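Note: the block below is upload_28.tsv and it holds TSV, C-alpha atoms and all ligand atoms.
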chain	number	residue	atom	x	y	z
A	1	MET	CA	0.00	0.00	0.00
A	2	THR	CA	1.49	3.34	-0.99
A	3	ALA	CA	0.32	6.90	-0.61
A	4	ALA	CA	-0.25	8.63	-3.92
A	5	SER	CA	0.03	6.57	-7.07
A	6	ARG	CA	-0.30	7.31	-10.78
A	7	HIS	CA	-0.46	5.50	-14.07
A	8	VAL	CA	2.37	5.69	-16.55
A	9	ARG	CA	3.08	4.07	-19.90
A	10	ILE	CA	6.33	2.40	-20.97
A	11	SER	CA	7.30	4.64	-23.89
A	12	ARG	CA	10.67	3.01	-24.50
A	13	LYS	CA	12.37	-0.19	-23.42
A	14	THR	CA	16.10	-0.36	-24.16
A	15	ASP	CA	18.74	-3.04	-23.71
A	16	GLU	CA	21.41	-1.20	-21.73
A	17	ALA	CA	23.73	-4.14	-21.08
A	18	GLN	CA	23.59	-7.89	-20.76
A	19	ASP	CA	20.54	-8.68	-18.58
A	20	THR	CA	19.80	-5.00	-17.98
A	21	CYS	CA	16.95	-3.05	-19.59
A	22	SER	CA	15.92	0.53	-19.05
A	23	PHE	CA	12.30	1.62	-19.13
A	24	GLU	CA	11.24	5.14	-19.98
A	25	LEU	CA	7.94	5.94	-18.26
A	26	ILE	CA	5.65	8.78	-19.30
A	27	ASP	CA	2.32	10.02	-17.99
A	28	THR	CA	-0.57	8.17	-19.65
A	29	GLU	CA	-2.34	11.49	-20.27
A	30	GLY	CA	0.79	13.08	-21.74
A	31	GLY	CA	1.19	15.49	-18.81
A	32	GLY	CA	4.23	16.26	-16.70
A	33	LEU	CA	5.43	14.05	-13.87
A	34	PRO	CA	6.19	15.20	-10.30
A	35	PRO	CA	9.74	16.54	-9.98
A	36	PHE	CA	12.34	14.42	-8.22
A	37	SER	CA	15.74	14.91	-6.64
A	38	ALA	CA	18.88	12.87	-7.27
A	39	GLY	CA	18.80	9.56	-5.38
A	40	SER	CA	15.00	9.21	-5.57
A	41	HIS	CA	13.19	5.98	-6.29
A	42	ILE	CA	9.65	5.03	-7.22
A	43	ASP	CA	7.59	2.03	-6.21
A	44	VAL	CA	6.52	0.11	-9.29
A	45	HIS	CA	3.46	-2.14	-9.04
A	46	VAL	CA	4.89	-4.89	-11.19
A	47	ALA	CA	1.95	-7.25	-10.74
A	48	GLU	CA	-0.84	-7.82	-8.25
A	49	GLY	CA	0.81	-7.85	-4.82
A	50	LEU	CA	4.28	-7.35	-6.32
A	51	VAL	CA	5.77	-3.92	-5.63
A	52	ARG	CA	9.40	-3.14	-6.33
A	53	GLN	CA	11.53	-0.06	-5.80
A	54	TYR	CA	13.59	1.29	-8.68
A	55	SER	CA	15.85	4.33	-8.58
A	56	LEU	CA	15.30	7.07	-11.12
A	57	CYS	CA	18.34	7.42	-13.32
A	58	ASN	CA	17.50	10.23	-15.69
A	59	ASP	CA	18.57	13.84	-15.30
A	60	PRO	CA	16.62	15.17	-12.30
A	61	ARG	CA	15.72	18.32	-14.26
A	62	GLU	CA	13.47	16.26	-16.54
A	63	THR	CA	9.76	16.23	-15.77
A	64	HIS	CA	8.42	14.65	-18.98
A	65	ARG	CA	9.66	11.15	-18.12
A	66	TYR	CA	11.13	8.84	-15.49
A	67	LEU	CA	13.88	6.42	-16.44
A	68	ILE	CA	14.49	3.24	-14.46
A	69	ALA	CA	16.79	0.31	-15.18
A	70	VAL	CA	16.27	-3.27	-14.09
A	71	LEU	CA	18.81	-6.07	-13.83
A	72	ARG	CA	17.24	-9.45	-14.61
A	73	GLU	CA	17.87	-11.69	-11.62
A	74	PRO	CA	16.16	-15.07	-12.08
A	75	ALA	CA	17.07	-16.04	-8.50
A	76	SER	CA	15.30	-13.02	-7.01
A	77	ARG	CA	11.69	-12.87	-5.81
A	78	GLY	CA	10.25	-12.39	-9.31
A	79	GLY	CA	10.08	-8.61	-9.73
A	80	SER	CA	12.93	-8.25	-12.19
A	81	VAL	CA	11.79	-11.17	-14.36
A	82	ALA	CA	8.27	-9.71	-14.52
A	83	MET	CA	9.68	-6.29	-15.41
A	84	HIS	CA	11.81	-7.72	-18.22
A	85	ALA	CA	8.70	-9.34	-19.72
A	86	MET	CA	7.03	-5.94	-20.06
A	87	GLN	CA	6.81	-4.26	-23.43
A	88	GLU	CA	6.59	-0.74	-24.80
A	89	GLY	CA	3.05	0.64	-24.62
A	90	GLN	CA	2.16	-1.30	-21.46
A	91	GLU	CA	0.80	0.70	-18.54
A	92	LEU	CA	2.04	0.53	-14.96
A	93	ARG	CA	1.08	1.97	-11.63
A	94	ILE	CA	3.85	3.78	-9.78
A	95	SER	CA	4.22	5.87	-6.62
A	96	GLU	CA	5.38	9.45	-6.45
A	97	PRO	CA	9.18	9.72	-6.18
A	98	LYS	CA	10.58	9.25	-2.68
A	99	ASN	CA	14.12	9.97	-1.59
A	100	HIS	CA	15.95	8.15	1.21
A	101	PHE	CA	19.32	8.63	-0.47
A	102	SER	CA	19.64	12.35	-1.08
A	103	LEU	CA	22.76	14.40	-1.66
A	104	ALA	CA	24.09	16.39	1.31
A	105	HIS	CA	23.85	20.10	0.66
A	106	ASP	CA	26.97	21.03	2.60
A	107	SER	CA	29.33	18.65	0.78
A	108	ARG	CA	32.71	19.97	-0.37
A	109	HIS	CA	33.46	16.85	-2.38
A	110	SER	CA	31.42	13.74	-3.19
A	111	VAL	CA	32.73	10.24	-3.81
A	112	LEU	CA	30.16	8.22	-5.75
A	113	LEU	CA	30.60	4.44	-5.78
A	114	ALA	CA	28.38	2.18	-7.89
A	115	GLY	CA	28.45	-1.60	-8.13
A	116	GLY	CA	26.54	-3.10	-11.07
A	117	ILE	CA	22.92	-1.98	-11.25
A	118	GLY	CA	23.70	0.33	-8.31
A	119	ILE	CA	24.66	2.76	-11.04
A	120	THR	CA	21.05	3.98	-11.30
A	121	PRO	CA	20.85	6.44	-8.36
A	122	ILE	CA	24.57	7.19	-8.63
A	123	LEU	CA	24.23	8.28	-12.26
A	124	CYS	CA	21.43	10.63	-11.33
A	125	MET	CA	23.62	12.08	-8.57
A	126	ALA	CA	26.49	12.58	-11.02
A	127	GLU	CA	24.13	14.46	-13.38
A	128	ARG	CA	23.05	16.73	-10.54
A	129	LEU	CA	26.54	17.37	-9.15
A	130	SER	CA	27.85	18.10	-12.63
A	131	MET	CA	24.97	20.47	-13.29
A	132	ILE	CA	25.66	22.54	-10.15
A	133	GLY	CA	29.42	22.50	-10.74
A	134	ALA	CA	30.17	20.53	-7.54
A	135	SER	CA	33.38	18.65	-6.91
A	136	PHE	CA	32.95	14.88	-7.27
A	137	GLU	CA	34.46	11.64	-8.51
A	138	MET	CA	32.66	8.48	-9.50
A	139	HIS	CA	33.75	4.86	-9.51
A	140	TYR	CA	31.63	2.33	-11.37
A	141	CYS	CA	32.45	-1.37	-10.87
A	142	THR	CA	30.94	-4.06	-13.09
A	143	ARG	CA	31.73	-7.64	-13.98
A	144	SER	CA	32.67	-6.88	-17.59
A	145	PRO	CA	32.21	-4.21	-20.29
A	146	ASP	CA	29.14	-5.98	-21.71
A	147	ARG	CA	27.51	-5.80	-18.29
A	148	THR	CA	28.14	-2.07	-17.92
A	149	ALA	CA	24.81	-0.30	-18.29
A	150	PHE	CA	24.85	3.32	-19.47
A	151	ALA	CA	28.51	3.15	-20.56
A	152	GLU	CA	27.75	5.17	-23.71
A	153	ARG	CA	25.75	7.77	-21.82
A	154	ILE	CA	28.59	8.19	-19.34
A	155	ARG	CA	31.20	8.44	-22.09
A	156	ALA	CA	29.17	11.16	-23.83
A	157	SER	CA	28.39	13.06	-20.60
A	158	SER	CA	29.90	16.33	-19.44
A	159	PHE	CA	31.36	14.50	-16.44
A	160	ALA	CA	33.01	11.61	-18.29
A	161	ASP	CA	36.46	12.68	-17.08
A	162	ARG	CA	35.40	12.19	-13.43
A	163	VAL	CA	34.22	8.62	-13.94
A	164	HIS	CA	36.49	5.64	-13.36
A	165	LEU	CA	35.26	2.34	-14.78
A	166	HIS	CA	36.44	-0.88	-13.16
A	167	HIS	CA	35.70	-4.37	-14.49
A	168	ASP	CA	36.14	-7.65	-12.61
A	169	SER	CA	37.13	-9.23	-15.93
A	170	GLY	CA	39.89	-6.68	-16.63
A	171	PRO	CA	43.53	-6.45	-15.55
A	172	ALA	CA	44.25	-6.06	-11.84
A	173	THR	CA	45.62	-2.55	-12.38
A	174	GLN	CA	42.18	-1.13	-13.30
A	175	LYS	CA	40.27	-2.79	-10.46
A	176	LEU	CA	38.98	-0.55	-7.72
A	177	ASP	CA	41.28	-0.42	-4.72
A	178	ILE	CA	38.60	0.50	-2.21
A	179	ALA	CA	40.97	1.09	0.71
A	180	ALA	CA	43.27	3.34	-1.33
A	181	THR	CA	40.35	5.29	-2.82
A	182	LEU	CA	38.83	6.00	0.57
A	183	ALA	CA	42.05	6.56	2.53
A	184	SER	CA	42.47	10.08	3.96
A	185	PRO	CA	38.92	11.46	3.75
A	186	GLN	CA	38.82	15.18	2.95
A	187	ALA	CA	37.06	17.46	5.42
A	188	GLY	CA	33.48	17.94	4.30
A	189	ALA	CA	33.55	15.04	1.84
A	190	HIS	CA	30.56	12.72	1.55
A	191	LEU	CA	30.48	9.17	0.23
A	192	TYR	CA	27.53	7.58	-1.60
A	193	VAL	CA	27.41	3.87	-2.35
A	194	CYS	CA	24.88	1.64	-4.06
A	195	GLY	CA	25.26	-1.90	-5.35
A	196	PRO	CA	25.27	-5.51	-4.18
A	197	SER	CA	25.39	-5.81	-0.40
A	198	GLY	CA	28.89	-7.37	-0.37
A	199	PHE	CA	30.26	-4.44	-2.36
A	200	MET	CA	28.51	-1.94	-0.13
A	201	ASP	CA	29.69	-3.62	3.06
A	202	ALA	CA	33.28	-3.61	1.76
A	203	VAL	CA	33.04	0.10	0.91
A	204	LEU	CA	31.48	1.08	4.22
A	205	SER	CA	33.95	-0.99	6.26
A	206	ALA	CA	36.90	0.54	4.40
A	207	ALA	CA	35.49	4.03	4.89
A	208	ARG	CA	35.03	3.50	8.63
A	209	ALA	CA	38.53	2.04	8.93
A	210	ALA	CA	39.90	5.12	7.15
A	211	GLY	CA	38.15	7.44	9.61
A	212	TRP	CA	35.17	8.69	7.60
A	213	THR	CA	32.47	10.20	9.83
A	214	GLU	CA	29.35	8.04	9.96
A	215	SER	CA	27.09	10.95	9.02
A	216	CYS	CA	29.05	11.40	5.77
A	217	LEU	CA	28.39	7.82	4.65
A	218	HIS	CA	25.26	7.40	2.53
A	219	ARG	CA	24.03	4.13	1.12
A	220	GLU	CA	21.07	2.54	-0.57
A	221	TYR	CA	20.50	-1.19	-0.43
A	222	PHE	CA	18.40	-3.04	-3.01
A	223	ALA	CA	17.34	-5.95	-0.88
A	224	GLY	CA	17.22	-6.81	2.77
A	225	ALA	CA	19.81	-9.12	4.24
A	226	ALA	CA	18.70	-12.67	4.87
A	227	ALA	CA	18.01	-12.83	8.61
A	228	ASP	CA	18.48	-15.87	10.79
A	229	THR	CA	14.93	-16.54	11.98
A	230	THR	CA	15.59	-19.80	13.81
A	231	HIS	CA	15.44	-18.17	17.24
A	232	ASP	CA	12.50	-15.84	16.55
A	233	GLY	CA	9.93	-15.97	19.32
A	234	THR	CA	6.61	-14.34	20.11
A	235	PHE	CA	6.32	-10.88	21.63
A	236	GLU	CA	3.70	-8.20	22.09
A	237	VAL	CA	3.20	-4.76	20.65
A	238	GLN	CA	1.04	-2.19	22.36
A	239	LEU	CA	-0.63	0.73	20.60
A	240	ALA	CA	0.03	3.87	22.63
A	241	SER	CA	-3.17	5.54	21.40
A	242	THR	CA	-5.61	2.88	22.60
A	243	GLY	CA	-3.57	0.66	24.91
A	244	ALA	CA	-4.49	-2.38	22.80
A	245	VAL	CA	-1.97	-5.22	23.06
A	246	ILE	CA	-1.35	-7.44	20.02
A	247	ARG	CA	0.60	-10.69	20.04
A	248	VAL	CA	3.14	-11.18	17.25
A	249	ALA	CA	3.66	-14.87	16.49
A	250	ALA	CA	7.15	-16.27	15.86
A	251	ASP	CA	6.47	-16.63	12.14
A	252	GLN	CA	4.62	-13.34	11.76
A	253	THR	CA	5.79	-9.77	11.12
A	254	VAL	CA	4.58	-6.88	13.24
A	255	VAL	CA	2.95	-5.45	10.11
A	256	ALA	CA	1.01	-8.70	9.59
A	257	ALA	CA	0.01	-8.96	13.25
A	258	LEU	CA	-1.31	-5.40	13.21
A	259	ALA	CA	-3.11	-5.90	9.88
A	260	ALA	CA	-4.89	-8.93	11.40
A	261	VAL	CA	-6.54	-6.61	13.93
A	262	GLY	CA	-7.32	-3.92	11.36
A	263	VAL	CA	-4.30	-1.64	11.89
A	264	ARG	CA	-2.75	-1.17	8.46
A	265	LEU	CA	0.68	0.39	8.25
A	266	PRO	CA	2.03	1.80	4.98
A	267	VAL	CA	4.53	-0.65	3.51
A	268	SER	CA	6.47	-0.90	0.30
A	269	CYS	CA	9.59	-3.10	0.18
A	270	GLU	CA	8.59	-5.24	3.20
A	271	GLN	CA	12.24	-6.16	3.73
A	272	GLY	CA	13.68	-3.26	5.70
A	273	VAL	CA	15.13	-1.33	2.81
A	274	CYS	CA	12.85	1.58	2.02
A	275	GLY	CA	11.80	3.05	5.39
A	276	THR	CA	8.13	3.40	4.39
A	277	CYS	CA	6.89	1.55	7.49
A	278	LEU	CA	9.17	3.37	9.96
A	279	THR	CA	7.38	3.58	13.31
A	280	ARG	CA	8.32	5.31	16.54
A	281	VAL	CA	9.01	3.08	19.55
A	282	ILE	CA	8.03	4.59	22.89
A	283	ASP	CA	9.04	1.72	25.16
A	284	GLY	CA	10.85	-1.60	24.79
A	285	THR	CA	13.89	-2.54	22.71
A	286	PRO	CA	13.58	-3.33	19.01
A	287	ASP	CA	15.53	-6.14	17.38
A	288	HIS	CA	16.51	-4.33	14.18
A	289	ARG	CA	16.57	-6.39	10.97
A	290	ASP	CA	16.54	-3.51	8.48
A	291	MET	CA	19.15	-1.98	6.18
A	292	TYR	CA	17.48	1.42	6.30
A	293	LEU	CA	18.46	2.92	9.68
A	294	THR	CA	22.06	3.79	10.38
A	295	ASP	CA	23.90	1.99	13.18
A	296	GLU	CA	23.47	5.10	15.35
A	297	GLU	CA	19.74	5.29	14.66
A	298	GLN	CA	19.34	1.61	15.43
A	299	ALA	CA	21.27	2.02	18.68
A	300	ARG	CA	18.93	4.81	19.80
A	301	GLY	CA	16.08	2.29	19.64
A	302	ASP	CA	13.35	4.92	19.33
A	303	GLN	CA	12.12	3.77	15.91
A	304	PHE	CA	12.05	0.54	13.94
A	305	THR	CA	10.79	-1.03	10.72
A	306	PRO	CA	7.85	-3.31	11.64
A	307	CYS	CA	7.88	-5.02	8.22
A	308	CYS	CA	10.90	-7.07	9.29
A	309	SER	CA	12.25	-5.99	12.68
A	310	ARG	CA	11.21	-7.66	15.91
A	311	ALA	CA	11.64	-7.14	19.66
A	312	LYS	CA	14.35	-7.93	22.19
A	313	THR	CA	11.97	-7.22	25.05
A	314	PRO	CA	8.65	-9.00	25.69
A	315	ARG	CA	6.71	-5.90	24.60
A	316	LEU	CA	7.20	-2.84	22.39
A	317	VAL	CA	4.99	0.19	22.90
A	318	LEU	CA	4.48	1.84	19.53
A	319	ASP	CA	3.49	5.41	18.70
A	320	LEU	CA	0.37	4.27	16.86
B	1	LIG	S1	8.25	-1.46	4.13
B	1	LIG	FE1	10.23	-0.90	3.45
B	1	LIG	S2	11.32	-0.79	5.36
B	1	LIG	FE2	9.40	-1.56	5.92

Represent the structure of the file as structure tokens.
Amino acid sequence: MTAASRHVRISRKTDEAQDTCSFELIDTEGGGLPPFSAGSHIDVHVAEGLVRQYSLCNDPRETHRYLIAVLREPASRGGSVAMHAMQEGQELRISEPKNHFSLAHDSRHSVLLAGGIGITPILCMAERLSMIGASFEMHYCTRSPDRTAFAERIRASSFADRVHLHHDSGPATQKLDIAATLASPQAGAHLYVCGPSGFMDAVLSAARAAGWTESCLHREYFAGAAADTTHDGTFEVQLASTGAVIRVAADQTVVAALAAVGVRLPVSCEQGVCGTCLTRVIDGTPDHRDMYLTDEEQARGDQFTPCCSRAKTPRLVLDL
């Protein structure tokens, strides 16, 4: 369930690289689309009950279209395969753009790091930073040149000289040395990373080891980490507004337990990535399972993502 939604038509579907297609989406009535900022994503209703988040990767000044790109991952939960089956002219329901991965306004230099399909929000950020004349560098790691989406667009862009391409298949000398790239962080520099979770974890660990400030590290995950659920137990949540107490079974999410008693929370990714379901915790200690909150925010324990997170205490009192 999302807030506002609108219908768009696929006006162009393009093969961008092996297993990666881009989809240009336009308003079905031919009107303009809501503006968006670099790092934004939209929810795409791929099929009944199947909602996926895709970053917008066109120039954020454009309002006549949204551009998304999708990597076909047969082993995933089905969203990317369904998207790849779509054709030009087909209509889709999408949400308004949302941004949980925005550029910091006070940045003196930005280091953009993309792994694979993680290029989508990063490319949009590069367009924006280039447009405002900001200092930045971009590193784009892919398996091989034929799996490098948007290579031509990058080569033809005004910021091509700030982009470093790295391929797993290429010589060792061109591979990204993450530790060397992130050593000695400049004052006021911000780092943005998007890609497979292993790549992102390696980048964030190297940045922390090099002394980057946590608030200067920005990341966007595509999918939640697989959690070990073997020791999940039951617990209770209490609604602060009414005092009602709801039991959450071991194999049930808080969102599902609340929905069963008629309390419907807004959800989108349902795997702790997007932050749509974020809920304030008034009492009790959450067991965080999300990739959305920072370590500091998780440690504060005053909010959690009920689509996937649980409780360390027998009861959580929620600001609902
Ligand atoms: S619905 Fe996306 S974090 Fe909960």

If you measure from CA of Cys216 in chain A to CA of Val203 in chain A, what distance in Å do you get, rounded to one decimal? 12.9 Å

From the list A:Val70, A:Ala259, A:Val237, A:Leu191, the nearest residue to Thr313 in chain A using only C-alpha atoms is A:Val237

Output, as AutoDock Vina command-line options, the centre and edge lengths in Å (one decimal) of the axis-aligned box that contains all listed atoms of ligand LIG 1 (chain B) with 4 Å of margin on each side.
--center_x 9.8 --center_y -1.2 --center_z 4.7 --size_x 11.1 --size_y 8.8 --size_z 10.5

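Between CA of Glu297 in chain A and CA of Asp106 in chain A the interatomic distance comes to 21.1 Å.
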
I'd like to know which of A:Gly301, A:Gly262, A:Pro306, A:Gly78 is closest to Gly275 in chain A, using all atoms listed in the file.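 Closest to Gly275 in chain A of all the choices is A:Pro306.
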
I'd like the neighbourhood of Arg72 in chain A as a list in words, where a residue qualifies if any of its atoms comes within 10 Å (using all atoms listed in the file), though same-chain residues fewer than 3 positions away should be ignored. Gln18, Asp19, Thr20, Cys21, Ala69, Ala75, Ser76, Gly78, Gly79, Ser80, Val81, Ala82, Met83, His84, Ala85 and Ile117 of chain A

Environment of ligand LIG 1 (chain B) within 12 Å, counting all atoms listed in the file, reported as an mmCIF file with C-alpha atoms, in the coordinates of the input:
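And here's result_28.cif as it stands now:
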data_model
loop_
_atom_site.group_PDB
_atom_site.id
_atom_site.type_symbol
_atom_site.label_atom_id
_atom_site.label_comp_id
_atom_site.auth_asym_id
_atom_site.auth_seq_id
_atom_site.Cartn_x
_atom_site.Cartn_y
_atom_site.Cartn_z
ATOM 1 C CA MET A 1 0.000 0.000 0.000
ATOM 2 C CA THR A 2 1.490 3.340 -0.990
ATOM 3 C CA ASP A 43 7.590 2.030 -6.210
ATOM 4 C CA VAL A 51 5.770 -3.920 -5.630
ATOM 5 C CA ARG A 52 9.400 -3.140 -6.330
ATOM 6 C CA GLN A 53 11.530 -0.060 -5.800
ATOM 7 C CA LYS A 98 10.580 9.250 -2.680
ATOM 8 C CA HIS A 100 15.950 8.150 1.210
ATOM 9 C CA GLU A 220 21.070 2.540 -0.570
ATOM 10 C CA TYR A 221 20.500 -1.190 -0.430
ATOM 11 C CA PHE A 222 18.400 -3.040 -3.010
ATOM 12 C CA ALA A 223 17.340 -5.950 -0.880
ATOM 13 C CA GLY A 224 17.220 -6.810 2.770
ATOM 14 C CA ALA A 225 19.810 -9.120 4.240
ATOM 15 C CA THR A 253 5.790 -9.770 11.120
ATOM 16 C CA VAL A 254 4.580 -6.880 13.240
ATOM 17 C CA VAL A 255 2.950 -5.450 10.110
ATOM 18 C CA ALA A 256 1.010 -8.700 9.590
ATOM 19 C CA ARG A 264 -2.750 -1.170 8.460
ATOM 20 C CA LEU A 265 0.680 0.390 8.250
ATOM 21 C CA PRO A 266 2.030 1.800 4.980
ATOM 22 C CA VAL A 267 4.530 -0.650 3.510
ATOM 23 C CA SER A 268 6.470 -0.900 0.300
ATOM 24 C CA CYS A 269 9.590 -3.100 0.180
ATOM 25 C CA GLU A 270 8.590 -5.240 3.200
ATOM 26 C CA GLN A 271 12.240 -6.160 3.730
ATOM 27 C CA GLY A 272 13.680 -3.260 5.700
ATOM 28 C CA VAL A 273 15.130 -1.330 2.810
ATOM 29 C CA CYS A 274 12.850 1.580 2.020
ATOM 30 C CA GLY A 275 11.800 3.050 5.390
ATOM 31 C CA THR A 276 8.130 3.400 4.390
ATOM 32 C CA CYS A 277 6.890 1.550 7.490
ATOM 33 C CA LEU A 278 9.170 3.370 9.960
ATOM 34 C CA THR A 279 7.380 3.580 13.310
ATOM 35 C CA HIS A 288 16.510 -4.330 14.180
ATOM 36 C CA ARG A 289 16.570 -6.390 10.970
ATOM 37 C CA ASP A 290 16.540 -3.510 8.480
ATOM 38 C CA MET A 291 19.150 -1.980 6.180
ATOM 39 C CA TYR A 292 17.480 1.420 6.300
ATOM 40 C CA LEU A 293 18.460 2.920 9.680
ATOM 41 C CA GLN A 303 12.120 3.770 15.910
ATOM 42 C CA PHE A 304 12.050 0.540 13.940
ATOM 43 C CA THR A 305 10.790 -1.030 10.720
ATOM 44 C CA PRO A 306 7.850 -3.310 11.640
ATOM 45 C CA CYS A 307 7.880 -5.020 8.220
ATOM 46 C CA CYS A 308 10.900 -7.070 9.290
ATOM 47 C CA SER A 309 12.250 -5.990 12.680
ATOM 48 C CA ARG A 310 11.210 -7.660 15.910
#

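You can rank A:Glu16, A:Pro196, A:Ala104, A:Ile122 by their closest distance to His41 in chain A using all atoms listed in the file, and at the top of that list sits A:Ile122.
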
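In this comparison, which uses all atoms listed in the file, the residue of A:Ser215, A:Ser5, A:Ser40, A:Asn58 approaching Arg153 in chain A most closely is A:Asn58.
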
Under the rule that all atoms listed in the file are counted, which of A:Ala189, A:Val317, A:Leu25, A:Leu92 is the nearest residue to Asp302 in chain A? A:Val317

Calculate how many Å separate CA of Thr230 in chain A from CA of Val245 in chain A, rounding to one decimal.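 Those two atoms sit 24.6 Å apart.
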
Return the single residue from A:Arg280, A:His7, A:His218, A:Arg143 that is closest to Val111 in chain A, with distances computed using only C-alpha atoms.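 Using only C-alpha atoms, the shortest distance to Val111 in chain A belongs to A:His218.
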
For Gly115 in chain A, work out the shell of residues within 7 Å, counting only C-alpha atoms and skipping chain neighbours fewer than 6 positions away, then give it as a list in words. Tyr140, Cys141, Thr142, Cys194, Gly195, Pro196 and Phe199 of chain A

Go through range 211-302 of chain A and flag each residue having an atom no more than 9 Å from range 172-187 of chain A; for those, report the closest pair of atoms plus their distance in Å to one decimal, using all atoms listed in the file, ordered by chain and rising number, as JSON lines.
{"residue": "A:Gly211", "atom": "CA", "partner": "A:Pro185", "partner_atom": "CA", "distance": 7.1}
{"residue": "A:Trp212", "atom": "CA", "partner": "A:Pro185", "partner_atom": "CA", "distance": 6.0}
{"residue": "A:Thr213", "atom": "CA", "partner": "A:Pro185", "partner_atom": "CA", "distance": 9.0}

Write out as an NGL selection string the residues lying within 9 Å of Asn99 in chain A, counting all atoms listed in the file and excluding same-chain residues fewer than 5 positions away. :A and (36-42)

Identify, on the basis of all atoms listed in the file, every residue whose closest approach to Ser158 in chain A does not exceed 12 Å; exclude the query and any residue fewer than 2 positions from it along the same chain; express the result as a ChimeraX atom specification. /A:126-133,153-156,160-163
